[in-house]
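As stored in coords.cif (mmCIF, C-alpha atoms):
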data_final
loop_
_atom_site.label_atom_id
_atom_site.label_comp_id
_atom_site.auth_asym_id
_atom_site.auth_seq_id
_atom_site.Cartn_x
_atom_site.Cartn_y
_atom_site.Cartn_z
CA MET S 3 0.00 0.00 0.00
CA LYS S 4 2.81 2.42 0.85
CA LYS S 5 4.41 1.81 -2.54
CA PHE S 6 1.14 2.51 -4.33
CA LEU S 7 0.66 5.75 -2.42
CA TRP S 8 4.18 6.89 -3.30
CA ILE S 9 3.65 6.33 -7.01
CA ALA S 10 0.20 7.91 -6.93
CA PHE S 11 1.67 10.91 -5.15
CA LEU S 12 4.45 11.17 -7.72
CA SER S 13 2.01 11.04 -10.63
CA PHE S 14 -0.08 13.75 -9.04
CA CYS S 15 2.95 16.00 -8.46
CA PHE S 16 4.28 15.52 -11.96
CA SER S 17 0.97 16.24 -13.64
CA GLY S 18 0.73 19.39 -11.53
CA VAL S 19 4.21 20.56 -12.50
CA ALA S 20 3.54 19.89 -16.18
CA ALA S 21 0.31 21.89 -16.09
CA GLU S 22 1.81 24.86 -14.27
CA SER S 23 5.14 25.27 -16.03
CA ASP S 24 6.62 25.63 -19.47
CA TRP S 25 9.01 22.79 -18.73
CA ASN S 26 12.21 24.71 -18.33
CA ALA S 27 15.33 23.19 -16.83
CA ASP S 28 14.54 24.56 -13.37
CA SER S 29 11.13 22.89 -13.21
CA VAL S 30 12.56 19.51 -14.26
CA GLN S 31 15.36 19.73 -11.70
CA VAL S 32 13.11 20.91 -8.90
CA TYR S 33 10.71 18.06 -9.55
CA PHE S 34 13.53 15.53 -9.68
CA SER S 35 15.08 16.79 -6.44
CA ARG S 36 11.83 17.02 -4.50
CA SER S 37 9.86 14.09 -5.81
CA VAL S 38 12.15 11.50 -7.38
CA THR S 39 15.29 11.57 -5.25
CA PRO S 40 13.45 11.26 -1.88
CA VAL S 41 11.60 8.15 -3.10
CA VAL S 42 14.84 6.51 -4.20
CA GLN S 43 16.62 7.39 -0.97
CA LYS S 44 13.80 6.13 1.23
CA ASN S 45 13.31 2.89 -0.70
CA TRP S 46 16.83 2.20 -1.96
CA LYS S 47 16.49 -1.57 -1.44
CA ASP S 48 13.22 -1.79 -3.37
CA HIS S 49 14.56 -2.12 -6.91
CA LYS S 50 11.15 -2.47 -8.52
CA LEU S 51 9.84 0.72 -6.94
CA ILE S 52 13.00 2.61 -7.85
CA LEU S 53 12.75 1.48 -11.49
CA LYS S 54 9.07 2.40 -11.61
CA THR S 55 9.81 5.85 -10.19
CA TYR S 56 12.55 6.53 -12.71
CA ARG S 57 10.46 5.25 -15.62
CA GLN S 58 7.63 7.57 -14.63
CA PHE S 59 10.11 10.43 -14.64
CA LEU S 60 11.41 9.49 -18.10
CA LYS S 61 7.92 9.04 -19.49
CA THR S 62 6.86 12.48 -18.36
CA CYS S 63 10.04 13.99 -19.81
CA GLU S 64 9.18 12.67 -23.26
CA SER S 65 7.33 15.94 -23.89
CA VAL S 66 10.25 18.09 -22.72
CA PRO S 67 12.35 19.69 -25.52
CA ASP S 68 15.86 18.28 -25.99
CA SER S 69 17.32 21.74 -25.40
CA VAL S 70 15.85 21.68 -21.89
CA LEU S 71 16.97 18.11 -21.17
CA LYS S 72 20.59 19.02 -21.95
CA GLN S 73 20.51 21.68 -19.27
CA CYS S 74 19.60 19.18 -16.56
CA SER S 75 21.66 16.22 -17.73
CA TRP S 76 22.61 15.28 -14.18
CA CYS S 77 19.02 14.17 -13.57
CA PHE S 78 19.30 11.70 -16.43
CA ILE S 79 22.78 10.57 -15.48
CA ASP S 80 21.47 9.76 -12.01
CA THR S 81 18.37 8.10 -13.45
CA TYR S 82 20.09 5.85 -15.97
CA TYR S 83 23.04 4.92 -13.77
CA ASN S 84 20.79 3.89 -10.88
CA MET S 85 18.50 2.04 -13.29
CA ALA S 86 21.55 0.15 -14.56
CA CYS S 87 22.41 -0.84 -10.99
CA CYS S 88 18.86 -2.00 -10.24
CA GLU S 89 18.57 -3.98 -13.47
CA SER S 90 21.96 -5.57 -12.82
CA MET S 91 21.01 -6.65 -9.31
CA MET S 92 17.80 -8.10 -10.73
CA LYS S 93 20.02 -9.99 -13.24
CA ARG S 94 18.48 -8.35 -16.31
CA LYS S 95 21.71 -7.82 -18.19
CA LYS S 96 20.45 -6.30 -21.41
CA ALA S 97 18.32 -3.70 -19.63
CA ALA S 98 21.22 -2.93 -17.28
CA VAL S 99 23.70 -2.35 -20.10
CA ASP S 100 21.14 -0.30 -22.06
CA ALA S 101 20.71 2.00 -19.06
CA PHE S 102 24.46 2.17 -18.40
CA GLU S 103 25.12 3.25 -21.99
CA LYS S 104 22.42 5.91 -21.67
CA ALA S 105 24.09 7.25 -18.53
CA ILE S 106 27.34 7.64 -20.46
CA GLN S 107 25.53 9.35 -23.34
CA TYR S 108 24.19 11.94 -20.91
CA GLY S 109 27.66 12.61 -19.52
CA TYR S 110 28.38 10.08 -16.77
CA TYR S 111 32.17 10.01 -16.36
CA ASP S 112 33.05 8.45 -12.98
CA TYR S 113 35.11 5.53 -14.26
CA ALA S 114 36.64 4.76 -10.85
CA HIS S 115 33.22 4.43 -9.22
CA ALA S 116 31.74 2.28 -11.99
CA GLN S 117 34.79 0.06 -11.86
CA LYS S 118 34.31 -0.80 -8.19
CA ASP S 119 30.50 -0.54 -7.87
CA THR S 120 29.37 -4.02 -6.78
CA ASP S 121 25.84 -3.27 -8.03
CA LEU S 122 27.21 -3.76 -11.55
CA ASP S 123 29.01 -7.05 -10.88
CA ASN S 124 26.36 -9.12 -12.65
CA VAL S 125 27.12 -7.43 -15.99
CA ARG S 126 30.90 -7.23 -15.88
CA ASP S 127 31.28 -10.29 -18.12
CA ASP S 128 28.98 -8.76 -20.74
CA LYS S 129 30.96 -7.73 -23.85
CA ARG S 130 28.79 -4.68 -24.51
CA PHE S 131 29.30 -3.51 -20.93
CA GLN S 132 33.05 -4.01 -21.27
CA LYS S 133 33.10 -1.89 -24.41
CA ALA S 134 31.08 0.78 -22.62
CA MET S 135 33.65 0.76 -19.82
CA GLU S 136 36.42 1.20 -22.38
CA ARG S 137 34.64 4.27 -23.77
CA LEU S 138 34.10 5.57 -20.25
CA ARG S 139 37.78 5.19 -19.46
CA GLU S 140 38.69 7.54 -22.29
CA VAL S 141 36.75 10.38 -20.61
CA GLY S 142 36.73 9.46 -16.93
CA ASP S 143 39.96 7.68 -15.98
CA PHE S 144 41.95 10.85 -15.39
CA GLY S 145 45.21 9.20 -14.42
CA TYR S 146 45.07 7.08 -17.57
CA ILE S 147 44.27 10.14 -19.73
CA LEU S 148 47.16 12.10 -18.20
CA ARG S 149 49.63 9.22 -18.53
CA LYS S 150 49.00 8.82 -22.25
CA SER S 151 48.91 12.54 -23.00
CA PRO S 152 51.66 13.94 -25.27
CA GLY S 153 54.48 15.90 -23.71
CA TYR S 154 55.02 19.63 -24.01
CA ASP S 155 57.41 21.22 -26.46
CA ASP S 156 60.10 22.69 -24.21
CA ALA S 157 62.75 22.90 -26.94
CA ALA S 158 62.40 26.64 -27.43
CA SER S 159 65.32 28.76 -26.30
CA ILE S 160 64.45 30.32 -22.97
CA ASP S 161 66.45 33.42 -23.86
CA SER S 162 64.15 34.09 -26.80
CA LEU S 163 60.93 33.76 -24.81
CA PRO S 164 58.75 36.66 -23.65
CA ALA S 165 59.24 37.31 -19.94
CA PHE S 166 56.51 37.23 -17.34
CA THR S 167 56.30 40.45 -15.36
CA TYR S 168 55.78 40.79 -11.62
CA MET S 169 54.71 43.91 -9.77
CA ASP S 170 57.43 45.43 -7.62
CA PRO S 171 56.81 44.83 -3.89
CA ASN S 172 57.39 48.56 -3.34
CA ASP S 173 54.38 49.42 -5.51
CA ARG S 174 52.03 51.48 -3.34
CA ASP S 175 49.14 49.01 -3.70
CA LEU S 176 51.28 46.04 -2.66
CA VAL S 177 52.69 48.07 0.24
CA ARG S 178 49.09 48.73 1.27
CA VAL S 179 48.35 44.97 1.14
CA ARG S 180 51.44 44.22 3.23
CA ARG S 181 50.47 46.77 5.90
CA TYR S 182 46.73 46.07 5.86
CA PHE S 183 47.22 42.40 6.71
CA ASN S 184 50.46 42.83 8.69
CA LEU S 185 52.05 40.24 6.42
CA ASP S 186 55.50 40.52 8.04
CA SER S 187 54.04 39.11 11.23
CA ILE S 188 52.07 36.42 9.36
CA ALA S 189 55.07 35.31 7.31
CA GLY S 190 57.18 35.13 10.44
CA ALA S 191 60.91 35.39 11.02
CA GLY S 192 61.82 31.93 9.75
CA ASP S 193 63.45 30.90 6.51
CA GLU S 194 62.05 31.45 3.04
CA ILE S 195 60.15 28.13 2.86
CA SER S 196 58.49 28.67 6.24
CA LYS S 197 57.33 32.12 5.10
CA ILE S 198 55.87 30.64 1.92
CA LYS S 199 54.01 28.00 3.95
CA ASN S 200 52.82 30.50 6.58
CA LEU S 201 51.30 32.82 3.98
CA LEU S 202 49.62 29.86 2.26
CA ALA S 203 48.10 28.64 5.53
CA TRP S 204 46.96 32.15 6.50
CA VAL S 205 44.96 32.71 3.30
CA HIS S 206 43.45 29.22 3.62
CA ASN S 207 42.45 29.86 7.26
CA THR S 208 41.22 33.41 6.68
CA ILE S 209 39.00 32.93 3.63
CA ARG S 210 36.78 29.89 3.17
CA HIS S 211 36.35 28.27 -0.20
CA ASP S 212 32.96 28.40 -1.91
CA GLY S 213 33.06 27.23 -5.51
CA SER S 214 29.54 28.47 -6.23
CA SER S 215 30.10 32.05 -5.08
CA TYR S 216 29.99 34.99 -7.47
CA ASN S 217 33.16 36.96 -8.18
CA PRO S 218 33.02 40.54 -6.90
CA GLU S 219 33.84 43.39 -9.26
CA GLU S 220 36.96 44.35 -7.33
CA LYS S 221 39.31 41.39 -7.20
CA ASN S 222 42.23 42.30 -4.97
CA ALA S 223 43.27 40.85 -1.63
CA ILE S 224 41.87 43.67 0.52
CA ALA S 225 38.54 43.88 -1.33
CA LEU S 226 38.12 40.09 -1.28
CA TYR S 227 38.84 39.94 2.45
CA GLU S 228 36.41 42.76 3.23
CA ILE S 229 33.50 41.41 1.17
CA CYS S 230 33.90 37.95 2.69
CA LYS S 231 33.76 39.40 6.20
CA LYS S 232 30.91 41.77 5.41
CA GLU S 233 28.73 39.14 3.71
CA ASP S 234 29.96 36.16 5.76
CA ARG S 235 30.81 34.31 2.57
CA GLY S 236 33.57 32.48 0.78
CA VAL S 237 35.09 32.80 -2.67
CA ASN S 238 36.06 30.36 -5.39
CA CYS S 239 39.52 28.93 -5.98
CA ARG S 240 40.43 31.62 -8.51
CA MET S 241 39.80 34.42 -6.02
CA MET S 242 41.67 32.59 -3.25
CA ALA S 243 44.65 32.15 -5.57
CA GLN S 244 44.60 35.83 -6.52
CA MET S 245 44.54 36.82 -2.87
CA LEU S 246 47.53 34.60 -2.08
CA ASN S 247 49.28 35.85 -5.21
CA GLU S 248 49.12 39.45 -4.03
CA CYS S 249 50.33 38.48 -0.56
CA TYR S 250 53.36 36.73 -2.03
CA LEU S 251 54.11 39.65 -4.36
CA ALA S 252 53.78 42.11 -1.47
CA MET S 253 56.38 40.10 0.47
CA GLY S 254 58.82 40.11 -2.44
CA PHE S 255 58.16 36.64 -3.85
CA LYS S 256 57.63 36.08 -7.56
CA SER S 257 54.23 34.47 -7.82
CA ARG S 258 51.46 33.65 -10.30
CA TYR S 259 48.07 32.00 -10.22
CA VAL S 260 47.71 29.13 -12.67
CA THR S 261 44.44 27.75 -14.03
CA CYS S 262 44.66 23.97 -14.29
CA LEU S 263 42.29 22.57 -16.92
CA PRO S 264 40.95 19.13 -17.92
CA LYS S 265 41.23 17.67 -21.41
CA SER S 266 37.45 17.95 -21.79
CA TYR S 267 35.34 20.17 -19.58
CA ILE S 268 34.04 17.95 -16.78
CA ASN S 269 32.40 19.62 -13.84
CA ASP S 270 35.07 22.24 -13.15
CA CYS S 271 38.70 23.30 -13.34
CA HIS S 272 41.00 24.46 -10.54
CA VAL S 273 43.26 27.43 -9.84
CA ILE S 274 46.41 27.19 -7.73
CA ASN S 275 49.56 29.27 -7.25
CA VAL S 276 53.20 28.88 -8.14
CA VAL S 277 55.70 30.80 -6.04
CA TYR S 278 59.40 31.02 -6.77
CA SER S 279 61.82 29.81 -4.12
CA ASN S 280 65.32 31.27 -4.37
CA THR S 281 66.46 28.71 -1.81
CA LEU S 282 65.37 25.76 -3.97
CA ASP S 283 65.83 27.63 -7.26
CA LYS S 284 62.45 26.58 -8.64
CA TRP S 285 58.73 27.28 -8.67
CA LEU S 286 56.64 25.58 -5.97
CA TRP S 287 53.08 24.26 -6.14
CA VAL S 288 50.89 25.91 -3.48
CA ASP S 289 47.11 25.61 -3.32
CA PRO S 290 45.22 27.91 -0.90
CA THR S 291 41.88 26.14 -1.42
CA TRP S 292 43.33 22.99 0.16
CA ASN S 293 46.28 24.50 2.09
CA ALA S 294 48.28 22.05 -0.02
CA TYR S 295 51.80 21.71 -1.29
CA VAL S 296 53.17 18.57 -2.93
CA MET S 297 56.30 16.56 -2.09
CA ASP S 298 58.29 13.60 -3.34
CA ASP S 299 59.23 10.56 -1.22
CA LYS S 300 62.08 12.53 0.41
CA GLY S 301 59.88 15.45 1.40
CA ASN S 302 61.20 17.77 -1.31
CA LEU S 303 58.69 20.42 -2.41
CA LEU S 304 57.64 20.08 -6.04
CA SER S 305 56.65 22.36 -8.90
CA ILE S 306 53.66 21.93 -11.22
CA SER S 307 55.90 20.47 -13.90
CA GLU S 308 57.42 17.96 -11.45
CA VAL S 309 54.02 16.91 -10.08
CA ARG S 310 52.62 16.45 -13.56
CA ASP S 311 55.65 14.45 -14.73
CA ARG S 312 55.47 12.22 -11.67
CA LEU S 313 51.76 11.57 -12.09
CA LYS S 314 52.34 10.69 -15.76
CA LYS S 315 55.04 8.21 -14.75
CA SER S 316 53.09 6.88 -11.72
CA GLU S 317 55.90 8.01 -9.42
CA PHE S 318 55.44 8.87 -5.74
CA VAL S 319 53.86 12.20 -4.82
CA THR S 320 52.11 13.22 -1.63
CA VAL S 321 50.42 16.25 -0.07
CA ASN S 322 51.20 17.68 3.36
CA GLU S 323 49.40 16.04 6.27
CA ASP S 324 47.48 19.18 7.29
CA ALA S 325 46.06 19.85 3.82
CA ASN S 326 42.26 20.12 3.98
CA TRP S 327 39.16 21.73 2.54
CA ASN S 328 37.61 24.38 4.82
CA HIS S 329 38.79 22.40 7.86
CA LYS S 330 36.04 19.91 7.09
CA THR S 331 37.49 17.42 4.64
CA PRO S 332 41.04 16.02 4.71
CA CYS S 333 43.00 16.31 1.48
CA THR S 334 43.99 12.77 0.48
CA ASN S 335 46.40 11.67 -2.23
CA ASP S 336 43.75 9.40 -3.75
CA TYR S 337 41.30 12.21 -4.27
CA TYR S 338 43.42 15.34 -4.65
CA LEU S 339 46.34 14.03 -6.73
CA ASP S 340 45.22 10.78 -8.35
CA TYR S 341 41.71 11.98 -9.20
CA TYR S 342 41.08 15.73 -8.99
CA MET S 343 44.40 17.20 -10.07
CA SER S 344 45.12 14.41 -12.55
CA LYS S 345 41.91 15.56 -14.22
CA ASN S 346 42.95 19.21 -14.11
CA LEU S 347 46.56 19.03 -15.29
CA TYR S 348 45.99 18.57 -19.01
CA TYR S 349 46.15 22.24 -20.00
CA LEU S 350 47.75 25.03 -17.97
CA GLN S 351 46.83 28.69 -18.29
CA CYS S 352 48.47 31.77 -16.88
CA SER S 353 48.45 35.55 -17.41
CA ASP S 354 51.61 37.22 -18.66
CA CYS S 355 51.61 39.76 -15.84
CA SER S 356 51.21 39.33 -12.12
CA GLY S 357 50.18 42.19 -9.89
CA PHE S 358 47.59 43.94 -7.76
CA ASN S 359 44.01 43.89 -9.05
CA ASN S 360 45.11 41.70 -11.95
CA GLU S 361 41.59 40.81 -13.08
CA THR S 362 39.71 43.89 -11.94
CA TYR S 363 38.40 45.83 -14.91
CA VAL S 364 39.56 49.42 -14.88
CA GLU S 365 39.08 51.62 -17.95
CA GLY S 366 42.38 52.32 -19.65
CA LYS S 367 44.23 49.65 -17.69
CA ARG S 368 46.19 47.03 -19.65
CA ARG S 369 44.44 43.70 -19.46
CA PRO S 370 46.42 40.51 -18.87
CA VAL S 371 47.16 38.27 -21.84
CA TYR S 372 46.32 34.66 -21.03
CA ILE S 373 48.62 31.96 -22.28
CA THR S 374 47.42 28.36 -22.49
CA LEU S 375 49.91 25.55 -22.62
CA SER S 376 48.64 22.45 -24.40
CA PRO S 377 50.29 19.07 -25.06
CA THR S 378 52.11 18.83 -28.38
CA GLY S 379 49.66 18.30 -31.24
CA GLU S 380 46.62 18.57 -28.96
CA PRO S 381 43.99 21.18 -29.88
CA TYR S 382 43.00 22.99 -26.70
CA ASP S 383 39.43 23.85 -25.83
CA LYS S 384 38.97 27.41 -27.08
CA ARG S 385 36.51 28.13 -24.31
CA TRP S 386 39.56 28.42 -22.08
CA SER S 387 41.75 30.83 -23.99
CA THR S 388 42.53 32.74 -27.15
CA SER S 389 46.22 31.91 -27.28
CA ASN S 390 48.48 28.90 -27.07
CA GLU S 391 52.19 29.38 -26.49
CA SER S 392 54.86 26.80 -25.69
CA TRP S 393 57.03 29.31 -23.82
CA PHE S 394 54.82 29.05 -20.74
CA TRP S 395 56.05 25.53 -20.07
CA ALA S 396 59.72 26.42 -20.46
CA SER S 397 59.24 29.36 -18.10
CA LEU S 398 58.04 27.00 -15.37
CA TYR S 399 61.64 25.84 -15.12
CA LYS S 400 63.05 29.37 -15.11
#
Starting from the file, lay out its structure as C-alpha cells.
Amino acid sequence: MKKFLWIAFLSFCFSGVAAESDWNADSVQVYFSRSVTPVVQKNWKDHKLILKTYRQFLKTCESVPDSVLKQCSWCFIDTYYNMACCESMMKRKKAAVDAFEKAIQYGYYDYAHAQKDTDLDNVRDDKRFQKAMERLREVGDFGYILRKSPGYDDAASIDSLPAFTYMDPNDRDLVRVRRYFNLDSIAGAGDEISKIKNLLAWVHNTIRHDGSSYNPEEKNAIALYEICKKEDRGVNCRMMAQMLNECYLAMGFKSRYVTCLPKSYINDCHVINVVYSNTLDKWLWVDPTWNAYVMDDKGNLLSISEVRDRLKKSEFVTVNEDANWNHKTPCTNDYYLDYYMSKNLYYLQCSDCSGFNNETYVEGKRRPVYITLSPTGEPYDKRWSTSNESWFWASLYK
C-alpha cells in the first residue's frame, strides 16, 4: 500500500508541474530533487519501486524539448546509472547495459566508481558492458588520460621567450596589502620556505572556499577579504589564488596564479599558485583552497611540472598532512592528486603579468594576456583561452 501511495503521489505531483510550467530546466530539476530523489533514498532496497519511479520520470520527460533536457543532464545521469544498478542486481543484463550506456551518453564520467561498484558485478562479463567501460575510461579515468597525454614542447630557447612580469613589492598598492594584513608578522621570522608556507596557511584559514560564489567586481586581496567578512561568505579557488598571489608579491616573492584545466570540460577546473623559491631555485606548487603543497618521497617540495611528470610516470607524490578543505574534509592523495588534479593538469593557463588587481576591470588599464599551454599536437578547448604558447612551459623551469 505504501508503494502505491508513493507512485500515486508522484504522478499527481508531476501532472501538476507539467500543467503549471513551461518545462524549463529549473522545473525539471526541482521536480527531480523534490519528488524522485526522496523516493529513491527512502526505498533504496526496493529495486522495482525505484525502477518504476525513474520510468515515470522518463515518461513524463518525453514531452520536454531536448534543449531543456541538456541543461539538466545530471538528472538523467542519475536516473540511468541507478537504473543500470537496479537492473543488474535483478540480473536483467540487457536492460542494465542499455541504461548504463544511456548514462554515459548523458555525460556520466566516474570511471573509478563504476569500476568498483558491486551493483554492476552481474554485468561485468557482458561484452557490450566491457566496451562501454572502455569508452568511459577515455573520458573518466583521469590518471590514464594524463599518462597517455603527449608531452610539451620545451625545446624553445628560454632566452628568446617573452618574460613574465611581476609587480614590484614597493608598488604602493602592494605596500598597502602588506600593511593592511600585517604580512610581516604572518610570514614570520623563519626561513624562506616557512614564510611561503605560513602565507599559504593564512589565506586558507582566513577565507573559506565556496566554488559556487559569485566573483566581486573588485578582485584584490583587501577587497576580497572585506567582502567575505561583510557578507559572511567564501570565494572560489580563482579568487583565493589571486589573494595569495598578491600576498606573495607584497612580500617580495615572484608568484602567479595558474588555471589547471581538464582535457574535456568535466564539472570544473581548478586554480592554484606557483611561487618562486630562491632557496630551492624553482617554482613551488601551493594551493590555498586545500592549504596544499606537494612533495616527493624525500619530502622535497615540487613544482607543477614535477608533479605532472610524476603523475604521468606513476611516481610517488604526496600532499602535506594538514592539507584540507575548509577544515572539514582532509586532502587525500587518492582524491586530490590521483583523481582531482590528474583531471585538471591537461592544460595550464596563466596571465603574462602578475600584480595587484590583476583581473579587476579598470578603464584604460592594460588587461592581462592569457597563455594556455597544451600538449604537443593537442587542440585545446577554445573556451579556455585565445592563445596557445609553448614558452609558458619552459618558463616554469626558469
Hey, could you pull the box centre and edge lengths for segment 69-83 of chain S, axis-aligned, 3 Å padding per side, all listed atoms, to one decimal in Å, as lines of an AutoDock Vina configuration file?
center_x = 19.4
center_y = 13.3
center_z = -18.7
size_x = 13.2
size_y = 22.8
size_z = 19.4
Point to revise | Evaluate the PyMOL selection byres ((chain S and resi 45-50) around 12) and report residues as a ChimeraX atom specification | key: /S:4-6,8-9,38-44,51-57,84-94,121
**Study point:** Residue nearest Asn328 of chain S - candidates S:Ser215, S:Leu246, S:Gly109, S:Thr291, atoms counted: only C-alpha atoms
**Key:** S:Thr291
**Study point:** Point-to-point distance in Å for atom CA of Asp234 of chain S and atom CA of Glu219 of chain S
**Key:** 17.1 Å
Point to revise | Residues matched by the PyMOL selection byres ((chain S and resi 247) around 10) as a ChimeraX atom specification | key: /S:201-202,222-223,241-246,248-252,255-259,274-277,290,356-358,360
**Study point:** Nearby residues, (43.1, 26.6, 9.6) file frame, 10 Å, all atoms listed in the file, as number ranges by chain
**Key:** S: 203-210, 293, 324-329
Just C-alpha atoms for this one: save the residues we selected as a compact mmCIF listing (two decimals), in the coordinates of the input.
# COMPACT_ATOMS: atom_id res chain seq x y z
CA ALA S 203 48.10 28.64 5.53
CA TRP S 204 46.96 32.15 6.50
CA VAL S 205 44.96 32.71 3.30
CA HIS S 206 43.45 29.22 3.62
CA ASN S 207 42.45 29.86 7.26
CA THR S 208 41.22 33.41 6.68
CA ILE S 209 39.00 32.93 3.63
CA ARG S 210 36.78 29.89 3.17
CA ASN S 293 46.28 24.50 2.09
CA ASP S 324 47.48 19.18 7.29
CA ALA S 325 46.06 19.85 3.82
CA ASN S 326 42.26 20.12 3.98
CA TRP S 327 39.16 21.73 2.54
CA ASN S 328 37.61 24.38 4.82
CA HIS S 329 38.79 22.40 7.86
Exercise for review: Extract, using all atoms listed in the file, all DNA, RNA and protein residues at most 12 Å from Thr281 of chain S, discarding same-chain residues fewer than 4 positions from it, and format them as a PyMOL selection string.
Suggested key: chain S and resi 193-198+255+277+285-286+303
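When the PyMOL selection byres ((chain S and resi 127-138) around 9) is run on the displayed coordinates, the residues it returns are S:Lys95, S:Lys96, S:Ala98, S:Val99, S:Asp100, S:Phe102, S:Glu103, S:Ile106, S:Tyr110, S:Tyr111, S:Asp112, S:Tyr113, S:Ala116, S:Gln117, S:Asp123, S:Asn124, S:Val125, S:Arg126, S:Arg139, S:Glu140, S:Val141, S:Gly142, S:Asp143.
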**Study point:** Protein and nucleic acid residues near (49.5, 17.9, -2.1) (cut-off 12 Å, all atoms listed in the file) as a PyMOL selection string
**Key:** chain S and resi 274+286-298+301-306+309-310+318-327+332-340+342-344
Mind dumping the selected residues with C-alpha atoms as a PDB file, keeping the file's coordinate frame?
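Once written, selection-v6.pdb looks like this:
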ATOM      1  CA  ILE S 274      46.410  27.190  -7.730  1.00  0.00           C
ATOM      2  CA  LEU S 286      56.640  25.580  -5.970  1.00  0.00           C
ATOM      3  CA  TRP S 287      53.080  24.260  -6.140  1.00  0.00           C
ATOM      4  CA  VAL S 288      50.890  25.910  -3.480  1.00  0.00           C
ATOM      5  CA  ASP S 289      47.110  25.610  -3.320  1.00  0.00           C
ATOM      6  CA  PRO S 290      45.220  27.910  -0.900  1.00  0.00           C
ATOM      7  CA  THR S 291      41.880  26.140  -1.420  1.00  0.00           C
ATOM      8  CA  TRP S 292      43.330  22.990   0.160  1.00  0.00           C
ATOM      9  CA  ASN S 293      46.280  24.500   2.090  1.00  0.00           C
ATOM     10  CA  ALA S 294      48.280  22.050  -0.020  1.00  0.00           C
ATOM     11  CA  TYR S 295      51.800  21.710  -1.290  1.00  0.00           C
ATOM     12  CA  VAL S 296      53.170  18.570  -2.930  1.00  0.00           C
ATOM     13  CA  MET S 297      56.300  16.560  -2.090  1.00  0.00           C
ATOM     14  CA  ASP S 298      58.290  13.600  -3.340  1.00  0.00           C
ATOM     15  CA  GLY S 301      59.880  15.450   1.400  1.00  0.00           C
ATOM     16  CA  ASN S 302      61.200  17.770  -1.310  1.00  0.00           C
ATOM     17  CA  LEU S 303      58.690  20.420  -2.410  1.00  0.00           C
ATOM     18  CA  LEU S 304      57.640  20.080  -6.040  1.00  0.00           C
ATOM     19  CA  SER S 305      56.650  22.360  -8.900  1.00  0.00           C
ATOM     20  CA  ILE S 306      53.660  21.930 -11.220  1.00  0.00           C
ATOM     21  CA  VAL S 309      54.020  16.910 -10.080  1.00  0.00           C
ATOM     22  CA  ARG S 310      52.620  16.450 -13.560  1.00  0.00           C
ATOM     23  CA  PHE S 318      55.440   8.870  -5.740  1.00  0.00           C
ATOM     24  CA  VAL S 319      53.860  12.200  -4.820  1.00  0.00           C
ATOM     25  CA  THR S 320      52.110  13.220  -1.630  1.00  0.00           C
ATOM     26  CA  VAL S 321      50.420  16.250  -0.070  1.00  0.00           C
ATOM     27  CA  ASN S 322      51.200  17.680   3.360  1.00  0.00           C
ATOM     28  CA  GLU S 323      49.400  16.040   6.270  1.00  0.00           C
ATOM     29  CA  ASP S 324      47.480  19.180   7.290  1.00  0.00           C
ATOM     30  CA  ALA S 325      46.060  19.850   3.820  1.00  0.00           C
ATOM     31  CA  ASN S 326      42.260  20.120   3.980  1.00  0.00           C
ATOM     32  CA  TRP S 327      39.160  21.730   2.540  1.00  0.00           C
ATOM     33  CA  PRO S 332      41.040  16.020   4.710  1.00  0.00           C
ATOM     34  CA  CYS S 333      43.000  16.310   1.480  1.00  0.00           C
ATOM     35  CA  THR S 334      43.990  12.770   0.480  1.00  0.00           C
ATOM     36  CA  ASN S 335      46.400  11.670  -2.230  1.00  0.00           C
ATOM     37  CA  ASP S 336      43.750   9.400  -3.750  1.00  0.00           C
ATOM     38  CA  TYR S 337      41.300  12.210  -4.270  1.00  0.00           C
ATOM     39  CA  TYR S 338      43.420  15.340  -4.650  1.00  0.00           C
ATOM     40  CA  LEU S 339      46.340  14.030  -6.730  1.00  0.00           C
ATOM     41  CA  ASP S 340      45.220  10.780  -8.350  1.00  0.00           C
ATOM     42  CA  TYR S 342      41.080  15.730  -8.990  1.00  0.00           C
ATOM     43  CA  MET S 343      44.400  17.200 -10.070  1.00  0.00           C
ATOM     44  CA  SER S 344      45.120  14.410 -12.550  1.00  0.00           C
TER      45      SER S 344
END
Practice item. Write out as a PyMOL selection string the residues lying within 9 Å of Val30 of chain S, counting all atoms listed in the file and excluding same-chain residues fewer than 6 positions away. Key: chain S and resi 19+63+66+70-71+74+77
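Between atom CA of Pro264 of chain S and atom CA of Asp311 of chain S the separation is 15.8 Å.
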Check your understanding: Suppose you want the space between atom CA of Val177 of chain S and atom CA of Tyr227 of chain S; what is it in Å?
Key -> 16.2 Å
Please rebuild segment 231-236 of chain S with N, CA, C and O atoms and give the result as a PDB file, in the frame of the given file.
ATOM      1  N   LYS S 231      34.117  39.121   4.816  1.00  0.00           N
ATOM      2  CA  LYS S 231      33.760  39.400   6.200  1.00  0.00           C
ATOM      3  C   LYS S 231      32.395  40.092   6.286  1.00  0.00           C
ATOM      4  O   LYS S 231      31.567  39.770   7.140  1.00  0.00           O
ATOM      5  N   LYS S 232      32.167  41.023   5.383  1.00  0.00           N
ATOM      6  CA  LYS S 232      30.910  41.770   5.410  1.00  0.00           C
ATOM      7  C   LYS S 232      29.714  40.865   5.121  1.00  0.00           C
ATOM      8  O   LYS S 232      28.668  40.966   5.784  1.00  0.00           O
ATOM      9  N   GLU S 233      29.848  39.980   4.137  1.00  0.00           N
ATOM     10  CA  GLU S 233      28.730  39.140   3.710  1.00  0.00           C
ATOM     11  C   GLU S 233      28.792  37.735   4.308  1.00  0.00           C
ATOM     12  O   GLU S 233      27.945  36.899   3.995  1.00  0.00           O
ATOM     13  N   ASP S 234      29.766  37.485   5.154  1.00  0.00           N
ATOM     14  CA  ASP S 234      29.960  36.160   5.760  1.00  0.00           C
ATOM     15  C   ASP S 234      29.911  35.075   4.679  1.00  0.00           C
ATOM     16  O   ASP S 234      29.085  34.176   4.702  1.00  0.00           O
ATOM     17  N   ARG S 235      30.817  35.172   3.734  1.00  0.00           N
ATOM     18  CA  ARG S 235      30.810  34.310   2.570  1.00  0.00           C
ATOM     19  C   ARG S 235      32.212  33.828   2.246  1.00  0.00           C
ATOM     20  O   ARG S 235      33.194  34.272   2.842  1.00  0.00           O
ATOM     21  N   GLY S 236      32.293  32.921   1.295  1.00  0.00           N
ATOM     22  CA  GLY S 236      33.570  32.480   0.780  1.00  0.00           C
ATOM     23  C   GLY S 236      33.743  32.939  -0.650  1.00  0.00           C
ATOM     24  O   GLY S 236      32.903  33.656  -1.194  1.00  0.00           O
TER      25      GLY S 236
END
